[in-house]
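Visitor: query_36.cif is reproduced in full below (mmCIF, C-alpha atoms).
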```
data_run
loop_
_atom_site.label_atom_id
_atom_site.label_comp_id
_atom_site.auth_asym_id
_atom_site.auth_seq_id
_atom_site.Cartn_x
_atom_site.Cartn_y
_atom_site.Cartn_z
CA MET A 273 -25.84 -4.14 8.31
CA ALA A 274 -26.84 -3.73 4.65
CA VAL A 275 -24.37 -2.99 1.87
CA SER A 276 -24.35 0.72 1.01
CA ALA A 277 -24.22 2.01 -2.55
CA GLY A 278 -22.79 5.39 -1.56
CA LEU A 279 -19.35 6.35 -0.28
CA HIS A 280 -18.91 5.78 3.42
CA VAL A 281 -16.86 8.34 5.34
CA SER A 282 -16.06 6.83 8.74
CA SER A 283 -16.56 8.72 11.98
CA GLU A 284 -13.83 6.48 13.45
CA PHE A 285 -11.12 8.26 11.46
CA PRO A 286 -10.01 10.95 13.97
CA ALA A 287 -9.77 8.39 16.77
CA MET A 288 -7.76 6.10 14.49
CA LEU A 289 -5.13 8.77 13.89
CA GLN A 290 -4.94 9.42 17.63
CA ARG A 291 -4.43 5.72 18.35
CA ILE A 292 -1.65 5.51 15.73
CA ASP A 293 0.13 8.55 17.12
CA ALA A 294 -0.13 7.16 20.65
CA LEU A 295 1.79 4.11 19.40
CA GLY A 296 4.33 6.20 17.47
CA GLY A 297 7.09 6.18 20.07
CA ALA A 298 6.92 2.41 20.55
CA ILE A 299 6.81 1.76 16.80
CA ASP A 300 9.88 3.94 16.30
CA ALA A 301 11.69 2.31 19.21
CA ASN A 302 11.09 -1.18 17.79
CA ALA A 303 12.11 -0.33 14.21
CA ASP A 304 15.75 -1.45 14.52
CA ALA A 305 14.73 -4.74 16.13
CA ALA A 306 12.21 -5.28 13.33
CA GLU A 307 14.97 -4.85 10.76
CA GLU A 308 17.01 -7.54 12.50
CA LEU A 309 14.01 -9.87 12.58
CA GLY A 310 13.05 -9.18 8.97
CA ARG A 311 9.46 -8.49 10.06
CA LEU A 312 7.63 -6.26 12.49
CA THR A 313 8.01 -7.18 16.13
CA GLU A 314 4.99 -8.96 17.57
CA GLY A 315 4.38 -5.96 19.80
CA THR A 316 4.26 -3.49 16.93
CA ALA A 317 2.15 -5.69 14.69
CA ARG A 318 -0.32 -6.57 17.45
CA ALA A 319 -0.66 -2.96 18.58
CA LEU A 320 -1.42 -1.71 15.07
CA LEU A 321 -3.88 -4.52 14.41
CA ASP A 322 -5.59 -3.90 17.74
CA ALA A 323 -5.75 -0.20 16.87
CA GLY A 324 -7.88 -1.19 13.87
CA VAL A 325 -5.51 -0.25 11.05
CA VAL A 326 -6.53 -3.26 8.94
CA ARG A 327 -10.15 -3.04 10.06
CA ALA A 328 -10.14 0.45 8.52
CA ALA A 329 -10.14 -1.18 5.07
CA LEU A 330 -12.78 -3.84 5.78
CA PRO A 331 -16.43 -3.52 4.64
CA ARG A 332 -18.80 -1.92 7.09
CA ASN A 333 -21.49 -4.56 6.69
CA LEU A 334 -18.96 -7.16 7.90
CA GLY A 335 -17.99 -5.07 10.91
CA GLY A 336 -15.16 -3.03 9.39
CA TYR A 337 -14.72 0.73 9.53
CA GLU A 338 -14.67 1.05 5.71
CA PHE A 339 -12.68 4.27 5.48
CA SER A 340 -13.02 6.48 2.42
CA PRO A 341 -10.04 6.69 0.02
CA ARG A 342 -8.65 9.87 1.55
CA GLN A 343 -9.08 8.45 5.04
CA VAL A 344 -7.10 5.35 3.99
CA ILE A 345 -4.38 7.57 2.49
CA GLU A 346 -4.02 9.50 5.75
CA THR A 347 -4.08 6.33 7.87
CA VAL A 348 -1.24 4.73 5.90
CA GLU A 349 0.56 8.08 5.81
CA ARG A 350 0.45 8.32 9.60
CA VAL A 351 1.72 4.78 10.25
CA SER A 352 4.46 5.25 7.64
CA TYR A 353 5.56 8.48 9.29
CA HIS A 354 6.42 6.52 12.43
CA ASP A 355 8.10 3.65 10.55
CA ALA A 356 8.19 3.08 6.79
CA SER A 357 8.29 -0.72 7.12
CA ALA A 358 5.36 -0.73 9.54
CA GLY A 359 3.43 1.48 7.14
CA TRP A 360 4.22 -0.77 4.18
CA THR A 361 3.28 -3.93 6.10
CA MET A 362 -0.04 -2.56 7.31
CA MET A 363 -0.78 -1.10 3.87
CA ALA A 364 -0.29 -4.54 2.30
CA LEU A 365 -2.43 -6.33 4.90
CA GLN A 366 -5.10 -3.63 4.58
CA LEU A 367 -5.26 -3.89 0.81
CA VAL A 368 -5.30 -7.65 0.47
CA THR A 369 -7.57 -8.37 3.42
CA GLY A 370 -9.97 -5.56 2.57
CA THR A 371 -10.40 -6.45 -1.09
CA THR A 372 -10.79 -10.14 -0.28
CA ALA A 373 -13.59 -9.27 2.13
CA ALA A 374 -15.24 -7.02 -0.44
CA TYR A 375 -15.13 -9.29 -3.48
CA LEU A 376 -15.74 -12.79 -2.08
CA ASP A 377 -19.31 -13.74 -1.31
CA GLY A 378 -21.37 -16.07 0.91
CA VAL A 379 -19.42 -19.18 1.79
CA ALA A 380 -15.98 -17.58 1.75
CA THR A 381 -17.10 -14.52 3.69
CA ALA A 382 -18.56 -16.66 6.46
CA ASP A 383 -15.37 -18.74 6.52
CA LEU A 384 -12.84 -15.90 6.52
CA PHE A 385 -14.65 -12.99 8.20
CA PRO A 386 -16.98 -14.41 10.86
CA ASP A 387 -16.59 -11.54 13.37
CA VAL A 388 -14.58 -8.58 12.12
CA ALA A 389 -15.71 -6.26 14.92
CA GLY A 390 -14.60 -8.83 17.47
CA GLY A 391 -11.24 -9.36 15.78
CA ASP A 392 -12.06 -12.81 14.44
CA HIS A 393 -11.11 -12.67 10.77
CA ALA A 394 -8.45 -13.76 8.34
CA LEU A 395 -5.40 -11.63 7.59
CA LEU A 396 -4.20 -12.04 4.03
CA ALA A 397 -0.87 -11.40 2.35
CA GLY A 398 0.39 -12.28 -1.10
CA HIS A 399 1.07 -11.10 -4.61
CA GLY A 400 -1.16 -10.42 -7.57
CA THR A 401 0.86 -9.29 -10.58
CA ARG A 402 2.36 -12.61 -11.70
CA PRO A 403 -0.41 -15.21 -11.89
CA GLY A 404 -0.10 -18.88 -11.10
CA ARG A 405 -1.88 -21.65 -13.01
CA ALA A 406 -5.39 -22.80 -12.13
CA VAL A 407 -6.61 -26.06 -13.65
CA PRO A 408 -10.40 -26.40 -13.39
CA ALA A 409 -11.49 -29.18 -11.03
CA LYS A 410 -14.80 -30.08 -9.44
CA ASP A 411 -16.24 -26.86 -7.95
CA GLY A 412 -12.82 -25.27 -7.92
CA TYR A 413 -9.25 -25.26 -9.20
CA LEU A 414 -5.95 -27.09 -8.78
CA VAL A 415 -3.51 -24.25 -8.27
CA SER A 416 0.22 -24.21 -8.92
CA GLY A 417 2.59 -21.28 -8.99
CA SER A 418 5.42 -19.28 -7.54
CA TRP A 419 4.87 -15.75 -6.28
CA GLN A 420 7.10 -13.01 -4.89
CA PHE A 421 6.92 -9.99 -2.58
CA ALA A 422 4.33 -11.22 -0.08
CA SER A 423 4.65 -8.20 2.23
CA GLY A 424 3.37 -8.84 5.75
CA MET A 425 3.34 -12.62 5.34
CA ALA A 426 4.70 -13.13 8.86
CA HIS A 427 1.45 -11.76 10.28
CA ALA A 428 -0.98 -13.35 7.79
CA THR A 429 -3.22 -16.35 8.26
CA HIS A 430 -4.17 -16.71 4.60
CA ILE A 431 -2.73 -16.23 1.13
CA HIS A 432 -3.90 -13.90 -1.64
CA SER A 433 -2.61 -14.79 -5.12
CA ALA A 434 -3.44 -14.13 -8.73
CA ILE A 435 -4.20 -17.17 -10.87
CA GLN A 436 -4.93 -17.70 -14.57
CA VAL A 437 -7.51 -20.32 -15.44
CA GLU A 438 -6.22 -22.91 -17.88
CA GLY A 439 -8.31 -23.05 -21.04
CA THR A 440 -10.05 -19.68 -20.68
CA GLY A 441 -7.18 -17.41 -19.68
CA GLU A 442 -9.45 -15.79 -17.09
CA LEU A 443 -7.59 -13.96 -14.32
CA ARG A 444 -8.85 -14.65 -10.82
CA VAL A 445 -7.67 -14.01 -7.28
CA LEU A 446 -7.74 -16.70 -4.61
CA ALA A 447 -7.79 -16.89 -0.84
CA MET A 448 -6.41 -19.99 0.85
CA PRO A 449 -4.80 -20.93 4.19
CA LYS A 450 -1.13 -20.05 4.56
CA SER A 451 -0.46 -23.64 5.55
CA GLN A 452 -1.15 -24.73 1.95
CA VAL A 453 1.90 -22.99 0.49
CA GLU A 454 5.62 -23.32 1.05
CA LEU A 455 7.20 -20.10 2.26
CA VAL A 456 10.69 -19.15 1.06
CA ASP A 457 12.61 -17.13 3.64
CA ASN A 458 14.60 -15.07 1.13
CA TRP A 459 13.89 -11.42 1.95
CA ASP A 460 17.48 -10.13 2.07
CA VAL A 461 17.38 -6.53 0.85
CA LEU A 462 18.68 -3.04 1.59
CA GLY A 463 15.40 -1.35 2.46
CA LEU A 464 11.97 -2.32 3.80
CA ARG A 465 13.76 -5.16 5.54
CA ALA A 466 11.09 -5.45 8.23
CA THR A 467 8.24 -6.09 5.78
CA HIS A 468 8.87 -9.86 5.41
CA SER A 469 8.13 -9.58 1.66
CA ILE A 470 9.12 -13.18 0.99
CA ASP A 471 8.43 -15.57 -1.90
CA TYR A 472 6.12 -18.60 -1.71
CA HIS A 473 4.96 -21.43 -3.96
CA CYS A 474 2.59 -24.39 -4.21
CA ALA A 475 1.77 -27.25 -6.58
CA ASP A 476 -1.68 -28.71 -7.35
CA VAL A 477 -3.40 -27.30 -4.29
CA TYR A 478 -7.19 -27.48 -4.45
CA VAL A 479 -8.97 -24.13 -3.98
CA PRO A 480 -12.78 -24.05 -4.08
CA ALA A 481 -14.29 -21.63 -6.58
CA THR A 482 -16.13 -19.95 -3.71
CA HIS A 483 -12.75 -18.71 -2.47
CA THR A 484 -11.82 -16.96 -5.73
CA TYR A 485 -13.03 -13.84 -7.49
CA LEU A 486 -12.57 -12.21 -10.89
CA ALA A 487 -9.41 -10.09 -10.72
CA THR A 488 -10.90 -7.27 -12.79
CA THR A 489 -14.10 -6.93 -10.79
CA THR A 490 -15.34 -3.51 -9.71
CA THR A 491 -18.55 -4.88 -8.22
CA PRO A 492 -18.19 -5.57 -4.49
CA VAL A 493 -20.31 -8.19 -2.78
CA ASN A 494 -19.67 -6.52 0.57
CA GLY A 495 -19.07 -2.89 1.40
CA GLY A 496 -19.81 0.34 -0.40
CA ALA A 497 -18.49 2.59 -3.09
CA ILE A 498 -14.76 2.57 -2.31
CA TYR A 499 -14.46 -1.02 -3.53
CA ARG A 500 -15.86 -0.06 -6.95
CA VAL A 501 -12.44 1.34 -7.89
CA GLY A 502 -11.14 -2.24 -8.20
CA LEU A 503 -8.10 -4.06 -6.83
CA VAL A 504 -5.34 -2.13 -8.64
CA ASN A 505 -6.77 1.27 -7.79
CA MET A 506 -7.22 0.21 -4.18
CA ALA A 507 -3.47 -0.48 -4.17
CA ALA A 508 -2.81 3.04 -5.43
CA ILE A 509 -4.61 4.51 -2.42
CA GLY A 510 -2.29 2.87 0.11
CA HIS A 511 0.92 3.42 -1.84
CA THR A 512 0.14 7.12 -2.15
CA GLY A 513 -0.21 7.42 1.63
CA TRP A 514 3.01 5.50 2.17
CA ALA A 515 5.09 7.82 -0.04
CA LEU A 516 3.66 10.95 1.59
CA GLY A 517 4.29 9.67 5.12
CA VAL A 518 7.89 8.70 4.39
CA GLY A 519 8.62 12.01 2.67
CA ARG A 520 7.17 13.95 5.60
CA ARG A 521 9.20 12.05 8.18
CA LEU A 522 12.45 12.58 6.29
CA LEU A 523 11.91 16.33 6.07
CA ASP A 524 11.08 16.50 9.77
CA GLU A 525 14.22 14.50 10.58
CA LEU A 526 16.31 16.94 8.54
CA LYS A 527 14.76 19.81 10.46
CA ARG A 528 15.90 18.18 13.72
CA VAL A 529 19.43 17.72 12.36
CA ALA A 530 19.52 21.35 11.27
CA ALA A 531 18.43 22.53 14.72
CA ALA A 532 21.20 20.48 16.36
CA LYS A 533 23.93 21.69 13.98
CA SER A 534 22.91 25.33 13.61
CA GLY A 535 25.42 27.73 15.13
CA THR A 536 28.31 25.28 15.09
CA ARG A 537 31.49 26.02 13.17
CA ASN A 538 31.01 25.95 9.35
CA ALA A 539 27.51 24.51 9.68
CA ALA A 540 26.15 23.89 6.19
CA VAL A 541 22.61 24.17 7.55
CA ASP A 542 23.19 27.84 8.28
CA THR A 543 23.73 28.66 4.60
CA ALA A 544 21.22 30.34 2.32
CA GLN A 545 21.55 27.37 -0.05
CA PHE A 546 20.32 24.96 2.61
CA HIS A 547 17.37 27.19 3.49
CA ALA A 548 16.39 27.49 -0.17
CA GLU A 549 16.65 23.75 -0.81
CA TYR A 550 14.70 22.90 2.34
CA ALA A 551 11.94 25.30 1.29
CA THR A 552 11.90 23.79 -2.20
CA ALA A 553 11.60 20.28 -0.82
CA GLU A 554 8.82 21.38 1.49
CA ALA A 555 6.92 22.95 -1.40
CA LYS A 556 7.33 19.87 -3.58
CA LEU A 557 6.04 17.49 -0.91
CA ARG A 558 3.11 19.69 0.08
CA ALA A 559 2.17 20.19 -3.57
CA ALA A 560 2.31 16.44 -4.27
CA ARG A 561 0.08 15.76 -1.27
CA ALA A 562 -2.39 18.47 -2.15
CA TRP A 563 -2.71 17.26 -5.73
CA ALA A 564 -3.12 13.62 -4.70
CA MET A 565 -5.89 14.62 -2.30
CA GLU A 566 -7.51 16.73 -5.03
CA VAL A 567 -7.52 13.76 -7.41
CA TRP A 568 -9.06 11.47 -4.81
CA ARG A 569 -11.58 14.12 -3.72
CA GLY A 570 -12.92 14.11 -7.27
CA ILE A 571 -12.96 10.31 -7.36
CA GLU A 572 -14.85 10.21 -4.06
CA ALA A 573 -17.53 12.49 -5.52
CA THR A 574 -17.86 10.21 -8.54
CA LEU A 575 -18.16 7.11 -6.36
CA ASP A 576 -20.68 8.74 -4.06
CA ALA A 577 -22.82 9.62 -7.07
CA GLY A 578 -22.86 5.96 -8.08
CA GLU A 579 -20.92 6.64 -11.27
CA LEU A 580 -17.99 4.82 -12.85
CA LEU A 581 -14.52 6.36 -12.90
CA SER A 582 -13.57 8.00 -16.17
CA THR A 583 -10.37 7.10 -18.02
CA GLU A 584 -9.02 10.48 -16.98
CA GLN A 585 -9.60 9.66 -13.32
CA ASP A 586 -8.03 6.23 -13.75
CA THR A 587 -5.04 7.97 -15.33
CA LEU A 588 -4.72 10.74 -12.77
CA LEU A 589 -4.83 8.45 -9.74
CA ARG A 590 -1.91 6.48 -11.22
CA LEU A 591 -0.07 9.67 -12.08
CA ALA A 592 -0.68 11.15 -8.62
CA LEU A 593 0.83 8.03 -7.06
CA ASN A 594 3.83 8.16 -9.37
CA HIS A 595 4.28 11.84 -8.63
CA ALA A 596 4.01 11.37 -4.86
CA THR A 597 6.49 8.47 -4.91
CA TRP A 598 9.15 10.20 -6.95
CA THR A 599 8.63 13.51 -5.17
CA ALA A 600 9.32 11.70 -1.91
CA GLN A 601 12.45 10.23 -3.50
CA ASP A 602 13.54 13.72 -4.59
CA VAL A 603 12.95 14.96 -1.05
CA GLY A 604 15.03 12.05 0.20
CA GLN A 605 17.93 13.14 -1.99
CA THR A 606 17.75 16.61 -0.46
CA VAL A 607 17.75 15.13 3.03
CA HIS A 608 20.73 12.90 2.17
CA ARG A 609 22.64 15.86 0.77
CA TRP A 610 22.27 18.04 3.86
CA ALA A 611 22.03 15.58 6.76
CA GLY A 612 25.76 14.83 6.72
CA THR A 613 26.82 11.84 8.77
CA ALA A 614 23.27 11.44 10.12
CA ALA A 615 22.43 10.03 6.71
CA ILE A 616 25.02 7.27 6.88
CA ARG A 617 25.02 6.19 10.51
CA ARG A 618 22.38 3.87 11.94
CA GLY A 619 19.31 5.91 12.74
CA PRO A 620 15.97 7.05 11.36
CA ILE A 621 17.33 9.00 8.38
CA ASP A 622 19.47 6.09 7.21
CA ARG A 623 16.58 3.64 7.67
CA PHE A 624 13.94 5.81 6.00
CA LEU A 625 16.23 6.55 3.05
CA ARG A 626 16.86 2.84 2.50
CA ASP A 627 13.18 2.04 2.85
CA LEU A 628 12.27 4.80 0.42
CA GLY A 629 14.82 3.63 -2.14
CA THR A 630 13.27 0.16 -2.06
CA GLY A 631 9.66 1.37 -2.08
CA THR A 632 10.16 3.41 -5.24
CA GLN A 633 10.83 0.19 -7.14
CA HIS A 634 7.26 -1.05 -6.73
CA ILE A 635 5.54 -1.81 -10.02
CA THR A 636 2.75 0.71 -9.39
CA SER A 637 5.25 3.58 -9.66
CA SER A 638 7.27 2.16 -12.55
CA PRO A 639 8.40 4.21 -15.56
CA THR A 640 6.04 2.15 -17.74
CA VAL A 641 2.99 3.32 -15.80
CA LEU A 642 4.19 6.91 -16.14
CA GLN A 643 4.62 6.44 -19.89
CA ASN A 644 1.12 5.02 -20.17
CA CYS A 645 -0.27 8.02 -18.30
CA GLY A 646 1.50 10.26 -20.78
CA LYS A 647 0.08 8.35 -23.74
CA TRP A 648 -3.44 9.07 -22.64
CA LEU A 649 -2.96 12.62 -21.37
CA SER A 650 -1.06 13.75 -24.47
CA GLY A 651 -3.71 12.39 -26.80
CA ALA A 652 -1.40 9.77 -28.30
CA GLN A 653 -3.84 7.03 -27.31
CA PRO A 654 -7.20 8.79 -26.83
CA GLN A 655 -9.28 5.59 -26.93
CA GLY A 656 -7.05 3.81 -24.44
CA ARG A 657 -8.47 2.15 -21.35
CA TRP A 658 -6.70 0.83 -18.29
CA GLU A 659 -6.29 -2.89 -17.75
CA PHE A 660 -4.46 -3.23 -14.46
CA LEU A 661 -1.30 -1.13 -15.02
CA ASP A 662 -1.38 -1.26 -18.82
CA LEU A 663 -3.13 1.16 -21.17
CA ALA A 664 -4.90 -1.01 -23.73
CA PRO A 665 -5.71 0.49 -27.16
#
```
Is it possible to express this structure as structure tokens?
Guide:
Amino acid sequence: MAVSAGLHVSSEFPAMLQRIDALGGAIDANADAAEELGRLTEGTARALLDAGVVRAALPRNLGGYEFSPRQVIETVERVSYHDASAGWTMMALQLVTGTTAAYLDGVATADLFPDVAGGDHALLAGHGTRPGRAVPAKDGYLVSGSWQFASGMAHATHIHSAIQVEGTGELRVLAMPKSQVELVDNWDVLGLRATHSIDYHCADVYVPATHTYLATTTTPVNGGAIYRVGLVNMAAIGHTGWALGVGRRLLDELKRVAAAKSGTRNAAVDTAQFHAEYATAEAKLRAARAWAMEVWRGIEATLDAGELLSTEQDTLLRLALNHATWTAQDVGQTVHRWAGTAAIRRGPIDRFLRDLGTGTQHITSSPTVLQNCGKWLSGAQPQGRWEFLDLAP
């Protein structure tokens, strides 16, 4: 299948959501066990992979479904609704595997993605914001470094890592077998415990140049228009869906608590204050979702027309993610305030609140990114342009 220049909107999308929802009960039932393991259970991970959740982000010409941005948002949103850690894990595998498939060419593609439709392809996990060192060697690089937060590493076959080339300072991204790094089993945290977001390191490992790509590229070798947003903006798509799914689940859980407590003696959920705060939280979450979808609808039109994103679009997609993340956190505070002991005992509300509190700390939703959005939108830095998560003058 030839590479398409336009935006692909997959006909597989409705069936994907149905498959995810059919797995919802089992995913939810396995969530506590996954926390104890520090990674998704094999059953949950295998079921979601077999459902095609990662394939959704792979290029169509390689056998992937190649969902559009809004389809990816809704896919991650739906998995995250059933379990925040499962949603985060699949989001990470989606992002890293999908971009690797899009930006590597020829030799590496044949090596890593021989039969995507048949399920024969690499799964990648790793970290890209703190680069390792790459010393040029014959037809490749000797790579050394230490990286953190490799979400989904338990289920990966290969590593994705940022590297900086010695001598030129060029930033590249590599793909190499997981067996070539040393994994550090140190993921001991309050939330997102089941994501296996561990550290890893290596020293002087040879990586062929064919298995690296320029970190700033917006020119895919495989796949269509979605991959022209670049690696960082691809990350924003998944993180937006994650925040919206977690926020939605928490509000629905609070609704169930309210139904169970309503009519009992001195029930706080029967007060006008509760009803007003629930309505406010509902409005905030729905507004955040609607605006995020509006931003990405405009970006989809730009991509489909074969045009580059404007600085305003680059700014708004970052701001929409920040807004969705911190709106979900605000919703979580409302749920915590009114859920009573359901918020402190083991159960979905407790787990989702802890996962949300950890997820908000991701660099893509940091205060610095918000400040940079404000610099451009307010006119303080009108000539600014985005370089990863920084606004360069």
Visitor: Measure the distance from atom CA of Val407 of chain A to atom CA of Val477 of chain A in Å and round it to one decimal.
Guide: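 Taking atom CA of Val407 of chain A as the start and atom CA of Val477 of chain A as the end point, the length is 10.0 Å.
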Visitor: Could you tell me which of A:Gly315, A:Pro331, A:Gly631, A:Gly324 comes closest to Pro492 of chain A if we count all atoms listed in the file?
Guide: A:Pro331
Visitor: Check which residues satisfy the PyMOL selection byres ((chain A and resi 291-300) around 8) in the file shown, then give them as a list in words.
Guide: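 That selection, the PyMOL selection byres ((chain A and resi 291-300) around 8), comes back as Ala287, Met288, Leu289, Gln290, Ala301, Asn302, Ala303, Thr316, Ala319, Leu320, Ala323, Arg350, Val351, His354, Asp355 and Ala358 of chain A.
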Visitor: Residues near segment 648-652 of chain A, anyone? I mean within 9 Å using only C-alpha atoms, not counting same-chain ones fewer than 6 positions away, as a list of chain:residue names.
Guide: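 Returned residues: A:Thr583, A:Glu584, A:Thr587, A:Leu588, A:Leu663.
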Visitor: Using Å and a single decimal, report how far atom CA of Thr484 of chain A sits from atom CA of Tyr472 of chain A.
Guide: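 Atom-to-atom, atom CA of Tyr472 of chain A to atom CA of Thr484 of chain A, that is 18.5 Å.
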Visitor: Would you compute the distance between atom CA of Ala475 of chain A and atom CA of Ala447 of chain A? Give it in Å to one decimal.
Guide: 15.2 Å
Visitor: Exactly which residues make up the result of the PyMOL selection byres ((chain A and resi 530) around 9) on this file, given as a PDB file with C-alpha atoms, in the frame of the given file?
Guide:
```pdb
ATOM      1  CA  GLU A 525      14.220  14.500  10.580  1.00  0.00           C
ATOM      2  CA  LEU A 526      16.310  16.940   8.540  1.00  0.00           C
ATOM      3  CA  LYS A 527      14.760  19.810  10.460  1.00  0.00           C
ATOM      4  CA  ARG A 528      15.900  18.180  13.720  1.00  0.00           C
ATOM      5  CA  VAL A 529      19.430  17.720  12.360  1.00  0.00           C
ATOM      6  CA  ALA A 531      18.430  22.530  14.720  1.00  0.00           C
ATOM      7  CA  ALA A 532      21.200  20.480  16.360  1.00  0.00           C
ATOM      8  CA  LYS A 533      23.930  21.690  13.980  1.00  0.00           C
ATOM      9  CA  SER A 534      22.910  25.330  13.610  1.00  0.00           C
ATOM     10  CA  ALA A 539      27.510  24.510   9.680  1.00  0.00           C
ATOM     11  CA  ALA A 540      26.150  23.890   6.190  1.00  0.00           C
ATOM     12  CA  VAL A 541      22.610  24.170   7.550  1.00  0.00           C
ATOM     13  CA  ASP A 542      23.190  27.840   8.280  1.00  0.00           C
ATOM     14  CA  TRP A 610      22.270  18.040   3.860  1.00  0.00           C
ATOM     15  CA  ALA A 611      22.030  15.580   6.760  1.00  0.00           C
TER      16      ALA A 611
END
```
Visitor: Can you tell me which residues surround segment 412-414 of chain A at a distance of at most 7 Å, considering only C-alpha atoms, apart from same-chain residues fewer than 5 positions away, and format the answer as a list in words?
Guide: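 What passes the distance filter is Ala406, Val407, Asp476, Val477, Tyr478, Val479, Pro480 and Ala481 of chain A.
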Visitor: Quick one: which residues end up in the PyMOL selection byres ((chain A and resi 278) around 8) for this structure, as a list of chain:residue names?
Guide: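 Here the PyMOL selection byres ((chain A and resi 278) around 8) matches A:Ser276, A:Ala277, A:Leu279, A:His280, A:Gly496, A:Ala497, A:Leu575, A:Asp576, A:Ala577, A:Gly578.
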Visitor: Store the residues picked out above in a file with C-alpha atoms, as a PDB file, in the frame of the given file.
Guide:
```pdb
ATOM      1  CA  SER A 276     -24.350   0.720   1.010  1.00  0.00           C
ATOM      2  CA  ALA A 277     -24.220   2.010  -2.550  1.00  0.00           C
ATOM      3  CA  LEU A 279     -19.350   6.350  -0.280  1.00  0.00           C
ATOM      4  CA  HIS A 280     -18.910   5.780   3.420  1.00  0.00           C
ATOM      5  CA  GLY A 496     -19.810   0.340  -0.400  1.00  0.00           C
ATOM      6  CA  ALA A 497     -18.490   2.590  -3.090  1.00  0.00           C
ATOM      7  CA  LEU A 575     -18.160   7.110  -6.360  1.00  0.00           C
ATOM      8  CA  ASP A 576     -20.680   8.740  -4.060  1.00  0.00           C
ATOM      9  CA  ALA A 577     -22.820   9.620  -7.070  1.00  0.00           C
ATOM     10  CA  GLY A 578     -22.860   5.960  -8.080  1.00  0.00           C
TER      11      GLY A 578
END
```
Visitor: Counting all atoms listed in the file, which of A:Leu321, A:Ala434, A:Leu334, A:Met362 gets nearest to Val388 of chain A?
Guide: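 Smallest distance to Val388 of chain A is found for A:Leu334.
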Visitor: Calculated over only C-alpha atoms, which of the candidates A:Asp377, A:Ala364, A:Val461, A:Cys474 has the smallest distance to Arg405 of chain A?
Guide: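 Closest residue, counting only C-alpha atoms: A:Cys474.
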